[in-house]
Every structure is written in C-alpha cells, then in structure tokens.
file my_file24.csv (CSV, C-alpha atoms)
chain,number,residue,atom,x,y,z
A,1,MET,CA,11.0,-67.9,-7.5
A,2,ASP,CA,12.8,-71.0,-6.4
A,3,GLU,CA,11.2,-74.0,-8.1
A,4,ASN,CA,13.0,-76.7,-6.1
A,5,LYS,CA,12.4,-75.7,-2.5
A,6,LEU,CA,11.4,-79.3,-1.6
A,7,GLY,CA,14.7,-80.8,-3.0
A,8,LYS,CA,16.8,-78.1,-1.3
A,9,LYS,CA,15.1,-78.8,2.0
A,10,ILE,CA,15.8,-82.5,1.7
A,11,THR,CA,19.5,-81.8,0.8
A,12,THR,CA,19.9,-79.3,3.7
A,13,LEU,CA,18.3,-81.7,6.3
A,14,ARG,CA,20.3,-84.7,4.9
A,15,GLU,CA,23.6,-82.7,5.2
A,16,ALA,CA,22.6,-81.5,8.7
A,17,HIS,CA,22.5,-85.2,9.7
A,18,HIS,CA,25.9,-85.7,8.1
A,19,LEU,CA,24.4,-88.2,5.7
A,20,THR,CA,25.4,-88.9,2.1
A,21,ALA,CA,22.7,-89.4,-0.5
A,22,GLN,CA,23.5,-93.1,-0.4
A,23,ASP,CA,23.1,-93.1,3.4
A,24,LEU,CA,19.7,-91.5,3.1
A,25,ALA,CA,18.7,-94.0,0.4
A,26,ASP,CA,19.7,-96.9,2.6
A,27,ARG,CA,17.7,-95.5,5.6
A,28,CYS,CA,14.7,-95.0,3.3
A,29,GLN,CA,15.1,-98.3,1.6
A,30,CYS,CA,15.0,-96.4,-1.7
A,31,ASP,CA,17.2,-96.5,-4.7
A,32,LEU,CA,20.0,-93.8,-4.8
A,33,PRO,CA,18.6,-92.3,-8.0
A,34,VAL,CA,15.3,-91.6,-6.2
A,35,ILE,CA,17.0,-89.5,-3.5
A,36,GLU,CA,19.2,-87.7,-6.0
A,37,GLY,CA,16.2,-87.0,-8.3
A,38,LEU,CA,14.2,-85.6,-5.4
A,39,GLU,CA,17.0,-83.4,-4.3
A,40,ALA,CA,17.6,-82.2,-7.9
A,41,GLY,CA,13.9,-81.6,-8.5
A,42,GLU,CA,14.0,-84.0,-11.4
A,43,VAL,CA,11.8,-86.7,-9.9
A,44,PRO,CA,8.2,-86.0,-9.2
A,45,ALA,CA,7.8,-86.4,-5.4
A,46,SER,CA,5.2,-89.0,-4.4
A,47,LEU,CA,3.9,-89.2,-0.8
A,48,ALA,CA,5.2,-92.6,0.1
A,49,PRO,CA,9.0,-91.8,-0.6
A,50,LEU,CA,8.6,-88.4,1.1
A,51,ILE,CA,7.2,-90.0,4.2
A,52,LYS,CA,10.2,-92.4,4.2
A,53,VAL,CA,12.6,-89.5,3.8
A,54,THR,CA,10.9,-87.6,6.7
A,55,ARG,CA,11.1,-90.6,8.9
A,56,ALA,CA,14.8,-91.2,8.1
A,57,LEU,CA,15.5,-87.5,8.8
A,58,GLY,CA,13.4,-87.3,12.0
A,59,VAL,CA,11.1,-84.5,10.7
A,60,ARG,CA,7.5,-84.2,9.9
A,61,LEU,CA,6.0,-84.1,6.4
A,62,GLY,CA,5.0,-80.5,6.9
A,63,THR,CA,8.6,-79.5,7.5
A,64,LEU,CA,9.3,-80.4,3.9
A,65,MET,CA,6.1,-78.9,2.5
A,66,ASP,CA,6.0,-75.6,4.3
A,67,ASP,CA,7.4,-72.4,2.7
A,68,ASP,CA,8.4,-70.8,6.0
A,69,GLU,CA,8.7,-71.7,9.6
A,70,ASN,CA,7.1,-68.8,11.6
A,71,LEU,CA,5.9,-69.6,15.1
A,72,GLY,CA,2.4,-68.9,16.3
A,73,PRO,CA,-0.9,-69.9,14.8
A,74,ALA,CA,-1.3,-70.7,11.1
A,75,TYR,CA,-4.2,-68.6,10.0
A,76,ILE,CA,-5.5,-68.9,6.4
A,77,ASP,CA,-8.2,-66.4,5.4
A,78,VAL,CA,-10.8,-66.8,2.6
A,79,GLU,CA,-8.7,-64.9,0.0
A,80,GLN,CA,-5.7,-67.1,0.7
A,81,MET,CA,-7.9,-70.2,0.2
A,82,ARG,CA,-9.1,-68.9,-3.1
A,83,GLU,CA,-5.8,-67.6,-4.5
A,84,VAL,CA,-2.8,-69.5,-3.1
A,85,GLU,CA,-1.4,-72.3,-5.0
A,86,ARG,CA,1.7,-74.4,-4.2
A,87,THR,CA,4.7,-73.7,-6.4
A,88,LYS,CA,5.5,-77.4,-6.6
A,89,SER,CA,2.9,-80.1,-6.8
A,90,LEU,CA,3.4,-83.7,-5.9
A,91,GLU,CA,2.4,-86.6,-8.1
A,92,THR,CA,1.0,-89.9,-6.9
A,93,THR,CA,2.8,-92.9,-8.4
A,94,SER,CA,-0.2,-93.6,-10.7
A,95,GLY,CA,-3.3,-91.6,-9.5
A,96,GLY,CA,-2.8,-88.4,-11.6
A,97,ASP,CA,-1.5,-85.1,-10.4
A,98,LEU,CA,-2.1,-83.9,-6.8
A,99,SER,CA,-1.7,-80.2,-6.0
A,100,TYR,CA,-1.1,-79.6,-2.3
A,101,PHE,CA,-2.0,-76.4,-0.4
A,102,SER,CA,-0.8,-76.6,3.3
A,103,LEU,CA,-3.3,-75.2,5.8
A,104,ALA,CA,-0.6,-75.2,8.5
A,105,ALA,CA,2.4,-73.6,6.8
A,106,GLY,CA,4.6,-72.0,9.3
A,107,ARG,CA,3.9,-74.5,12.1
A,108,PRO,CA,7.0,-76.8,12.1
A,109,SER,CA,6.3,-78.5,15.4
A,110,ARG,CA,2.9,-79.9,14.6
A,111,HIS,CA,1.8,-83.5,14.9
A,112,MET,CA,-0.5,-83.5,11.8
A,113,ASP,CA,-0.5,-82.0,8.4
A,114,PRO,CA,-3.7,-80.5,7.0
A,115,PHE,CA,-3.9,-79.9,3.2
A,116,VAL,CA,-6.4,-78.9,0.6
A,117,ILE,CA,-5.6,-81.2,-2.3
A,118,THR,CA,-6.8,-80.9,-5.9
A,119,VAL,CA,-6.7,-84.1,-8.0
A,120,ASP,CA,-6.2,-83.7,-11.7
A,121,PRO,CA,-6.8,-87.0,-13.4
A,122,ARG,CA,-4.3,-86.3,-16.3
A,123,GLY,CA,-1.8,-89.0,-16.7
A,124,GLU,CA,-3.6,-91.7,-14.7
A,125,ALA,CA,-2.2,-95.0,-15.9
A,126,ASP,CA,-2.4,-97.8,-13.4
A,127,HIS,CA,-3.6,-98.2,-9.8
A,128,GLU,CA,-0.5,-99.0,-7.8
A,129,LEU,CA,-1.3,-99.1,-4.1
A,130,VAL,CA,1.3,-97.8,-1.6
A,131,GLY,CA,1.3,-98.0,2.2
A,132,HIS,CA,3.2,-95.8,4.7
A,133,GLU,CA,3.1,-95.2,8.4
A,134,GLY,CA,0.4,-93.0,9.9
A,135,GLU,CA,-3.2,-92.1,9.5
A,136,GLU,CA,-5.2,-90.0,7.1
A,137,TRP,CA,-8.6,-88.3,7.2
A,138,LEU,CA,-10.1,-87.1,3.9
A,139,TYR,CA,-13.2,-84.8,3.4
A,140,GLY,CA,-14.7,-84.3,0.0
A,141,MET,CA,-15.1,-80.7,-1.1
A,142,GLU,CA,-15.7,-80.7,-4.9
A,143,GLY,CA,-16.1,-83.5,-7.4
A,144,GLU,CA,-15.6,-87.1,-6.4
A,145,ILE,CA,-12.5,-88.9,-5.4
A,146,GLU,CA,-11.8,-92.6,-5.3
A,147,ILE,CA,-9.9,-94.3,-2.5
A,148,GLU,CA,-8.7,-97.8,-3.2
A,149,TYR,CA,-7.9,-99.2,0.3
A,150,GLY,CA,-6.6,-102.7,0.4
A,151,LYS,CA,-9.2,-104.7,-1.6
A,152,GLU,CA,-12.0,-102.2,-1.2
A,153,ILE,CA,-12.9,-99.1,-3.3
A,154,TYR,CA,-14.7,-96.1,-1.8
A,155,VAL,CA,-16.1,-93.1,-3.6
A,156,LEU,CA,-16.0,-89.9,-1.6
A,157,HIS,CA,-18.6,-87.2,-2.6
A,158,PRO,CA,-18.6,-83.6,-1.4
A,159,GLY,CA,-19.5,-83.5,2.3
A,160,GLU,CA,-18.4,-87.1,3.0
A,161,SER,CA,-15.3,-88.2,4.8
A,162,ILE,CA,-13.1,-91.3,5.3
A,163,TYR,CA,-10.5,-92.0,8.0
A,164,TYR,CA,-8.0,-94.9,7.6
A,165,ASP,CA,-4.6,-96.3,8.7
A,166,SER,CA,-2.1,-95.4,6.0
A,167,ILE,CA,-0.1,-98.6,6.5
A,168,VAL,CA,-2.7,-100.5,4.5
A,169,PRO,CA,-1.8,-100.1,0.8
A,170,HIS,CA,-4.0,-97.4,-0.7
A,171,GLN,CA,-4.3,-94.8,-3.4
A,172,VAL,CA,-6.4,-91.7,-3.8
A,173,ARG,CA,-7.3,-90.7,-7.3
A,174,ALA,CA,-9.9,-88.8,-9.4
A,175,HIS,CA,-13.2,-90.7,-9.9
A,176,ASN,CA,-14.6,-91.1,-13.4
A,177,GLY,CA,-11.8,-88.8,-14.8
A,178,GLN,CA,-13.1,-85.7,-13.1
A,179,LYS,CA,-11.1,-83.0,-11.3
A,180,ALA,CA,-11.8,-83.0,-7.6
A,181,LYS,CA,-10.8,-81.2,-4.4
A,182,PHE,CA,-10.6,-82.5,-0.9
A,183,LEU,CA,-9.3,-81.7,2.6
A,184,ALA,CA,-6.7,-84.2,3.9
A,185,VAL,CA,-5.3,-84.4,7.4
A,186,VAL,CA,-2.2,-86.6,7.5
A,187,TYR,CA,-0.6,-87.9,10.7
A,188,THR,CA,2.9,-89.4,10.3
A,189,PRO,CA,4.6,-90.3,13.5
A,190,ILE,CA,8.3,-89.7,13.8

call {"tool": "encode", "arguments": {"input": "my_file24.csv", "output": "structure tokens"}}
result
Amino acid sequence: MDENKLGKKITTLREAHHLTAQDLADRCQCDLPVIEGLEAGEVPASLAPLIKVTRALGVRLGTLMDDDENLGPAYIDVEQMREVERTKSLETTSGGDLSYFSLAAGRPSRHMDPFVITVDPRGEADHELVGHEGEEWLYGMEGEIEIEYGKEIYVLHPGESIYYDSIVPHQVRAHNGQKAKFLAVVYTPI
C-alpha cells in the first residue's frame, strides 16, 4: 500500500505545471521545506497549507484527497461508512489529529468536498487559528467538537451544525479531551 499518495499527487501536479518546488512555495507563500516535506510525506499535512497548494495548482482539495478519479456518482454504502479509513490522516496545526474519510472520492470535478472527520485530541498543545479561502459546514455526529472562530468559541454537539466563512481565522478541535466525529462540507473556490 502506498503511504504517500498525497505527496506524490502534489509532486505530479506541480511537475505538470512545470513548477519547481521553490516556485510552488512562492505561489503558496510557504517555506520551501513545507512543500518538500509534504511531497516527501515527512510533514503532517494541515488543511491551510493544502488549500494554498490546491489554489496554486488550480485544483480542488478533493483532487488531492481522493484515491481514484472515476466518473459518475460517488455512492458510499453503510458498510463502507463503518469500515473504510483513510490511509493517511491530516493533522491540524494544533488541534490534535483529524482522520478524513471522503464521501465524494472519485468525483474530481466537484465544487465541494464532503468528509466524515474523526477528531482525536492526542497531541493538542496550543490553539493557533488559521484562515483560508472558502466556506465550511460542520454537523456533529458523535462526541463534541469545539470551533474557535475569530474571538468566539462554539461547542457542537451531536445533531447540531455550524456554517462559516473559512477566511476568518478558526480551528476545529476535540472538546474536553474527548474523541468526536463530524460531517464537514468544505467549499474552496479555485
């Protein structure tokens, strides 16, 4: 099993645009070691740099996250929802580990990216807020998550939702140190 699919996709897309790693870093306003680390699979991918990379490469976030690119509807049955786990999880900059399961894998031309995300509070250290272009909608499924949005903090319980502009600095993390699961729909314009 290939453990660095995300890094290889970034490298392939960068090379298809005839960009060096430094060119991509400049377009993303990131340091070169961040791009090189993402491509090598040595740096945990956080959402904000990935969105900058997708913008610079002219692709959607789902293009990097999907395992394949079949056309047609993306149908996920109950068994897949129970059993499928991503081979690579993303980490927030400070909100613990987030495991992403794409609900639209195989739909490369979509305008939004729906995910089931599991938050594991291990490793939470500080609460650095990050903004990026787009919009997000979150729906609590299990446990409680905390969304720090600008100067406000919201606690999302199962059955509750929140919709916000992602440009405002924010962070999603586990609430009270508990594991939680939520549905997220992310729109990132290109």

call {"tool": "atom_distance", "arguments": {"input": "my_file24.csv", "atom1": "atom CA of A:Tyr100", "atom2": "atom CA of A:Glu152"}}
result
25.1 Å

call {"tool": "atom_distance", "arguments": {"input": "my_file24.csv", "atom1": "atom CA of A:Tyr149", "atom2": "atom CA of A:Leu38"}}
result
26.6 Å

call {"tool": "closest_residue", "arguments": {"input": "my_file24.csv", "among": "A:Val155, A:Leu6, A:Ala16, A:Val168", "to": "A:Tyr139", "atoms": "only C-alpha atoms"}}
result
A:Val155

call {"tool": "residues_around", "arguments": {"input": "my_file24.csv", "residues": "A:Tyr164", "least_positions_apart": "6", "cutoff": "7 Å", "atoms": "only C-alpha atoms", "output": "list in words"}}
result
Glu135, Glu136 and Trp137 of chain A

call {"tool": "atom_distance", "arguments": {"input": "my_file24.csv", "atom1": "atom CA of A:Arg110", "atom2": "atom CA of A:Leu32"}}
result
29.4 Å

call {"tool": "residues_around", "arguments": {"input": "my_file24.csv", "residues": "A:Glu36", "least_positions_apart": "6", "cutoff": "10 Å", "atoms": "only C-alpha atoms", "output": "ChimeraX atom specification"}}
result
/A:7,10-11,21-22,24-25,42-43

call {"tool": "closest_residue", "arguments": {"input": "my_file24.csv", "among": "A:Ala40, A:Cys30, A:Val172, A:Leu64", "to": "A:Leu13", "atoms": "only C-alpha atoms"}}
result
A:Leu64

call {"tool": "closest_residue", "arguments": {"input": "my_file24.csv", "among": "A:Glu148, A:Glu142, A:Glu79, A:Glu160", "to": "A:Glu128", "atoms": "all atoms listed in the file"}}
result
A:Glu148

call {"tool": "closest_residue", "arguments": {"input": "my_file24.csv", "among": "A:Lys151, A:His175, A:Lys181, A:His132", "to": "A:Val116", "atoms": "only C-alpha atoms"}}
result
A:Lys181

call {"tool": "closest_residue", "arguments": {"input": "my_file24.csv", "among": "A:Ala174, A:Arg14, A:Met141, A:Val186", "to": "A:Ala104", "atoms": "only C-alpha atoms"}}
result
A:Val186

call {"tool": "residues_around", "arguments": {"input": "my_file24.csv", "residues": "A:Gly140", "least_positions_apart": "2", "cutoff": "8 Å", "atoms": "all atoms listed in the file", "output": "CSV table (one decimal) with C-alpha atoms, in the coordinates of the input"}}
result
chain,number,residue,atom,x,y,z
A,138,LEU,CA,-10.1,-87.1,3.9
A,142,GLU,CA,-15.7,-80.7,-4.9
A,143,GLY,CA,-16.1,-83.5,-7.4
A,144,GLU,CA,-15.6,-87.1,-6.4
A,145,ILE,CA,-12.5,-88.9,-5.4
A,156,LEU,CA,-16.0,-89.9,-1.6
A,157,HIS,CA,-18.6,-87.2,-2.6
A,158,PRO,CA,-18.6,-83.6,-1.4
A,159,GLY,CA,-19.5,-83.5,2.3
A,160,GLU,CA,-18.4,-87.1,3.0
A,161,SER,CA,-15.3,-88.2,4.8
A,181,LYS,CA,-10.8,-81.2,-4.4
A,182,PHE,CA,-10.6,-82.5,-0.9
A,183,LEU,CA,-9.3,-81.7,2.6

call {"tool": "closest_residue", "arguments": {"input": "my_file24.csv", "among": "A:Asp120, A:Leu47, A:Asn176, A:Leu129", "to": "A:Glu146", "atoms": "only C-alpha atoms"}}
result
A:Asn176
